[in-house]
file work_34.txt (compact mmCIF, C-alpha atoms)
# COMPACT_ATOMS: atom_id res chain seq x y z
CA GLY A 5 75.79 153.35 33.69
CA ALA A 6 78.01 151.95 36.47
CA VAL A 7 80.22 150.28 33.86
CA LEU A 8 80.71 153.60 32.06
CA ARG A 9 81.68 155.28 35.31
CA VAL A 10 84.26 152.58 36.15
CA LEU A 11 85.79 152.70 32.68
CA TRP A 12 85.97 156.50 32.82
CA GLN A 13 87.66 156.43 36.23
CA GLN A 14 90.08 153.70 35.12
CA GLN A 15 91.37 156.15 32.54
CA GLY A 16 92.40 158.42 35.39
CA CYS A 17 89.54 160.87 34.83
CA LYS A 18 87.99 162.42 37.91
CA ALA A 19 85.75 164.80 36.00
CA ALA A 20 82.14 164.02 35.17
CA VAL A 21 81.43 161.76 32.24
CA PRO A 22 81.17 163.91 29.06
CA ARG A 23 77.69 165.02 28.04
CA VAL A 24 78.04 163.26 24.70
CA VAL A 25 78.19 160.00 26.66
CA LEU A 26 75.11 160.99 28.66
CA GLU A 27 73.23 161.72 25.42
CA THR A 28 73.92 158.20 24.15
CA MET A 29 72.20 157.00 27.34
CA GLY A 30 69.10 159.12 26.64
CA ILE A 31 70.03 161.85 29.14
CA PRO A 32 69.63 165.43 27.79
CA LYS A 33 72.66 167.72 27.85
CA SER A 34 71.31 170.37 30.23
CA GLY A 35 68.59 171.22 32.71
CA LYS A 36 66.81 173.27 30.08
CA ALA A 37 66.91 170.40 27.58
CA LEU A 38 65.66 167.97 30.21
CA PHE A 39 62.61 170.06 31.04
CA ASP A 40 61.95 170.95 27.42
CA ILE A 41 60.82 167.34 27.03
CA ALA A 42 57.02 167.24 27.10
CA ALA A 43 55.91 165.76 30.43
CA LYS A 44 53.46 162.89 30.31
CA PHE A 45 51.17 161.92 33.17
CA ILE A 46 51.72 158.23 33.90
CA ALA A 47 49.74 157.25 36.99
CA SER A 48 48.20 158.21 40.33
CA ALA A 49 49.10 155.57 42.89
CA PRO A 50 46.93 155.41 46.04
CA SER A 51 49.05 152.55 47.42
CA MET A 52 52.45 150.94 46.98
CA ASP A 53 50.86 148.10 45.04
CA ALA A 54 49.66 150.62 42.45
CA LEU A 55 53.08 152.13 41.68
CA PRO A 56 53.79 152.11 37.93
CA LYS A 57 56.52 149.76 36.77
CA HIS A 58 59.33 151.56 34.95
CA LYS A 59 63.13 151.67 34.72
CA LEU A 60 63.69 155.42 35.06
CA LEU A 61 65.29 157.23 37.98
CA GLU A 62 62.94 159.36 40.08
CA VAL A 63 62.93 162.81 41.67
CA ALA A 64 60.18 163.41 44.23
CA PHE A 65 58.47 166.65 45.28
CA SER A 66 57.35 166.74 48.90
CA GLY A 67 56.27 169.42 51.36
CA ARG A 68 53.52 170.67 53.61
CA SER A 69 50.04 170.79 52.18
CA ASN A 70 49.62 174.02 50.20
CA ALA A 71 53.39 174.56 49.89
CA GLY A 72 52.91 174.80 46.13
CA LYS A 73 54.11 171.39 44.90
CA SER A 74 51.67 170.99 42.02
CA SER A 75 52.07 174.63 40.96
CA LEU A 76 55.84 174.22 40.86
CA VAL A 77 55.60 171.00 38.84
CA ASN A 78 53.41 172.82 36.31
CA ALA A 79 55.86 175.72 36.15
CA LEU A 80 58.83 173.38 35.62
CA VAL A 81 57.53 171.09 32.91
CA ARG A 82 56.07 171.45 29.45
CA ALA A 83 52.73 169.67 29.27
CA ASP A 84 52.07 167.15 26.51
CA GLY A 85 48.83 168.23 24.85
CA ALA A 86 47.46 170.04 27.90
CA LYS A 87 47.88 173.38 29.63
CA LYS A 88 48.92 171.74 32.91
CA VAL A 89 50.04 168.28 33.98
CA ALA A 90 49.26 168.59 37.69
CA PHE A 91 45.96 169.56 39.29
CA VAL A 92 46.23 172.68 41.46
CA SER A 93 43.84 173.57 44.28
CA LYS A 94 43.70 176.33 46.87
CA THR A 95 42.44 173.77 49.38
CA PRO A 96 45.25 172.05 51.34
CA GLY A 97 45.33 168.28 50.89
CA ARG A 98 44.02 167.88 47.34
CA THR A 99 46.99 165.75 46.27
CA GLN A 100 46.10 162.42 47.85
CA THR A 101 48.08 159.98 45.75
CA LEU A 102 51.62 159.54 44.40
CA ASN A 103 51.43 161.19 40.97
CA PHE A 104 53.99 160.18 38.35
CA TYR A 105 55.06 162.39 35.41
CA GLN A 106 57.53 161.11 32.82
CA LEU A 107 60.11 163.21 31.00
CA GLY A 108 60.77 161.09 27.91
CA ASN A 109 63.31 158.35 28.53
CA ALA A 110 65.23 160.50 30.99
CA LEU A 111 63.43 160.93 34.31
CA MET A 112 60.26 160.37 36.35
CA LEU A 113 58.93 163.16 38.56
CA VAL A 114 56.78 162.14 41.53
CA ASP A 115 54.40 164.58 43.23
CA LEU A 116 53.72 163.37 46.78
CA PRO A 117 50.72 164.11 49.02
CA GLY A 118 51.41 166.99 51.39
CA TYR A 119 52.17 166.49 55.05
CA GLY A 120 50.75 168.57 57.89
CA PHE A 121 47.37 170.29 57.89
CA ALA A 122 44.87 169.22 55.23
CA LYS A 123 41.13 169.70 54.82
CA ALA A 124 40.39 165.98 54.92
CA PRO A 125 39.46 163.31 57.47
CA LYS A 126 42.28 162.46 59.90
CA LYS A 127 42.24 158.81 58.83
CA ALA A 128 42.81 159.78 55.20
CA VAL A 129 45.61 162.18 56.12
CA SER A 130 47.26 159.45 58.18
CA GLN A 131 47.08 157.09 55.21
CA TRP A 132 48.75 159.65 52.91
CA HIS A 133 51.56 160.19 55.41
CA HIS A 134 52.10 156.46 55.71
CA LEU A 135 52.14 156.13 51.92
CA ASN A 136 54.71 158.93 51.69
CA GLU A 137 57.00 157.23 54.19
CA GLN A 138 56.60 153.83 52.53
CA TYR A 139 57.51 155.27 49.16
CA LEU A 140 60.46 157.35 50.34
CA MET A 141 61.98 154.61 52.49
CA SER A 142 61.61 151.82 49.92
CA ARG A 143 62.78 153.28 46.59
CA GLY A 144 66.49 152.91 47.28
CA ASP A 145 68.81 154.04 44.48
CA LYS A 146 65.85 154.59 42.14
CA LEU A 147 64.94 157.77 44.04
CA ILE A 148 67.91 160.05 43.38
CA SER A 149 66.64 163.15 45.19
CA THR A 150 63.65 164.62 47.01
CA MET A 151 62.78 168.29 46.74
CA VAL A 152 61.41 169.47 50.09
CA LEU A 153 59.18 172.44 49.23
CA ILE A 154 58.76 175.10 51.90
CA ASP A 155 56.60 178.22 51.66
CA SER A 156 58.98 181.21 51.88
CA ARG A 157 56.41 183.08 53.98
CA ARG A 158 56.43 180.38 56.66
CA GLY A 159 60.05 179.22 56.62
CA VAL A 160 61.23 175.89 57.99
CA LEU A 161 58.79 174.78 60.67
CA GLU A 162 59.26 171.97 63.18
CA ILE A 163 57.22 169.61 61.00
CA ASP A 164 59.55 170.33 58.06
CA PHE A 165 62.63 169.69 60.18
CA ASP A 166 61.15 166.39 61.40
CA TRP A 167 60.45 165.46 57.78
CA MET A 168 64.05 166.16 56.78
CA CYS A 169 65.30 164.19 59.78
CA MET A 170 63.30 161.23 58.50
CA LEU A 171 64.81 161.61 55.04
CA ARG A 172 68.33 161.80 56.44
CA ALA A 173 67.76 158.77 58.67
CA GLY A 174 66.53 156.86 55.63
CA ARG A 175 69.52 158.08 53.56
CA VAL A 176 67.22 159.79 51.08
CA PRO A 177 69.06 162.69 49.37
CA PHE A 178 67.13 165.95 49.45
CA LYS A 179 67.25 169.67 48.74
CA ILE A 180 65.18 172.52 50.16
CA VAL A 181 63.12 174.47 47.64
CA LEU A 182 61.66 177.70 48.97
CA THR A 183 58.45 178.48 47.08
CA LYS A 184 56.30 181.58 46.55
CA CYS A 185 59.27 183.94 46.89
CA ASP A 186 57.26 186.58 44.98
CA LYS A 187 55.05 186.95 48.05
CA VAL A 188 57.75 188.06 50.51
CA LYS A 189 60.09 191.03 50.84
CA LYS A 190 63.80 190.59 50.22
CA ALA A 191 64.74 190.85 53.90
CA GLU A 192 62.21 188.16 54.80
CA LEU A 193 63.43 185.96 51.96
CA ASP A 194 67.06 186.36 53.01
CA GLU A 195 66.08 185.33 56.53
CA ALA A 196 64.23 182.26 55.21
CA VAL A 197 67.26 181.20 53.15
CA ALA A 198 69.64 181.68 56.09
CA SER A 199 67.32 179.68 58.34
CA ALA A 200 67.07 176.86 55.81
CA ARG A 201 70.85 176.67 55.50
CA ASN A 202 71.22 176.62 59.28
CA GLN A 203 68.76 173.75 59.51
CA LEU A 204 70.69 171.78 56.90
CA GLN A 205 73.94 172.41 58.76
CA GLN A 206 72.34 171.04 61.93
CA LEU A 207 71.25 167.93 60.06
CA HIS A 208 74.41 167.24 58.09
CA GLY A 209 77.04 168.71 60.39
CA LYS A 210 78.54 170.79 57.60
CA ALA A 211 77.78 173.84 55.48
CA SER A 212 75.26 173.27 52.69
CA ALA A 213 76.15 173.39 49.00
CA GLU A 214 74.94 176.35 46.95
CA ASP A 215 72.15 174.38 45.25
CA ASP A 216 70.97 172.65 48.44
CA VAL A 217 68.62 175.62 48.99
CA ILE A 218 66.87 176.98 45.91
CA VAL A 219 64.54 179.99 45.91
CA THR A 220 61.62 179.76 43.47
CA SER A 221 58.36 181.29 42.33
CA ALA A 222 55.95 179.34 40.16
CA LYS A 223 54.18 182.62 39.39
CA ASP A 224 57.04 184.67 37.92
CA GLY A 225 59.58 181.92 37.15
CA GLU A 226 62.19 182.99 39.68
CA GLY A 227 64.70 180.21 40.36
CA LEU A 228 63.22 177.70 37.92
CA ARG A 229 66.39 177.58 35.82
CA GLN A 230 68.48 176.92 38.94
CA LEU A 231 66.10 174.16 40.02
CA LYS A 232 66.18 172.54 36.59
CA ASP A 233 69.98 172.67 36.59
CA ALA A 234 70.15 171.17 40.09
CA ILE A 235 67.87 168.27 39.13
CA PHE A 236 69.85 167.72 35.93
CA ALA A 237 73.12 167.67 37.87
CA VAL A 238 71.80 164.95 40.18
CA LEU A 239 70.45 162.96 37.22
CA ALA A 240 73.73 163.22 35.29
CA LYS A 241 75.70 162.11 38.34
CA GLU A 242 73.47 159.15 39.17
CA SER A 243 73.03 157.96 35.58
CA VAL A 244 76.67 156.95 35.13

call {"tool": "encode", "arguments": {"input": "work_34.txt", "output": "C-alpha cells"}}
result
Amino acid sequence: GAVLRVLWQQQGCKAAVPRVVLETMGIPKSGKALFDIAAKFIASAPSMDALPKHKLLEVAFSGRSNAGKSSLVNALVRADGAKKVAFVSKTPGRTQTLNFYQLGNALMLVDLPGYGFAKAPKKAVSQWHHLNEQYLMSRGDKLISTMVLIDSRRGVLEIDFDWMCMLRAGRVPFKIVLTKCDKVKKAELDEAVASARNQLQQLHGKASAEDDVIVTSAKDGEGLRQLKDAIFAVLAKESV
C-alpha cells in the first residue's frame, strides 16, 4: 500500500489513489459496498493475549455503557447467516470483551466494552477499562480510527471528554458519533452537535471536519450512510 502511494505521488498526483487501484487491493469502491459485505464474528477477547491474529486494518467502536455500540454495529453491517452479529442488552455493561467482526478481506470492526457506569462488580469494570486502554494504546497504525459513541440525549459528558483526551494523547484518530438521535428534538440535537464540535475544537485547536461528528440512529437508519462513507474514507486513505 505504501509503495502504491509513493509511486502515485511520484507521478505528481496529489489526488487520492483511484478506486480501481483500491479494488485490486481488496478494498470496496464505496462505503455502501464495504458494508454490503456480510460481517463475520471472529472472536471475543477478554485479554490482550486473546486478540485474534490477522492482517486487516481495524476501526473500533467505543463509548459509555449503554451508548448503543452493539445496536449501531448491528445497524451498520449485514450479518452472515444470522439476524444480528452483536449481542444487544438494555443492561449497561453487557459487552465485557473486545469483540471482532470481519468485513471480508477489507476491514475488522472492534466493539469495545463500555466505559462509565455498568451493572457489574467494580473490579470487573476496572478490568474492562484497563483492557480498553491497553488495546487502544498498543494497536499503532493497525487501528485507523475509533468511533466515540455518545448518546444524543446526554451529550458530551466529562467522562467522554477525558476519554477523547486519552485518545488524542495516544495519537489515536477518532470521530464522535452521536447515537439515538430519534429520541431527541431537533433543537436538542443541534445543541448536542454544536457542543461536540466545540469539544473537538478544544482538543485539536482547530475547527472540526464535517464528518468528525456524525449523527445517527440505529432504529430508523439516520446517518448510517454518512458513517459508512466516513469509515470507508479513512480505510481508503490508510490502505495506500

call {"tool": "axis_aligned_box", "arguments": {"input": "work_34.txt", "around": "stretch 103-119 of chain A", "padding_each_side": "3 Å", "output": "AutoDock Vina command-line options"}}
result
--center_x 58.0 --center_y 162.7 --center_z 41.5 --size_x 20.5 --size_y 14.6 --size_z 33.1

call {"tool": "closest_residue", "arguments": {"input": "work_34.txt", "among": "A:Gln131, A:Ser221, A:Asn109, A:Ser156", "to": "A:Pro32", "atoms": "all atoms listed in the file"}}
result
A:Asn109

call {"tool": "atom_distance", "arguments": {"input": "work_34.txt", "atom1": "atom CA of A:Ile180", "atom2": "atom CA of A:Pro56"}}
result
26.4 Å

call {"tool": "atom_distance", "arguments": {"input": "work_34.txt", "atom1": "atom CA of A:Val77", "atom2": "atom CA of A:Leu113"}}
result
8.5 Å

call {"tool": "atom_distance", "arguments": {"input": "work_34.txt", "atom1": "atom CA of A:Phe178", "atom2": "atom CA of A:Tyr105"}}
result
18.9 Å

call {"tool": "closest_residue", "arguments": {"input": "work_34.txt", "among": "A:Lys33, A:Arg157, A:His208, A:Lys241", "to": "A:Arg172", "atoms": "only C-alpha atoms"}}
result
A:His208
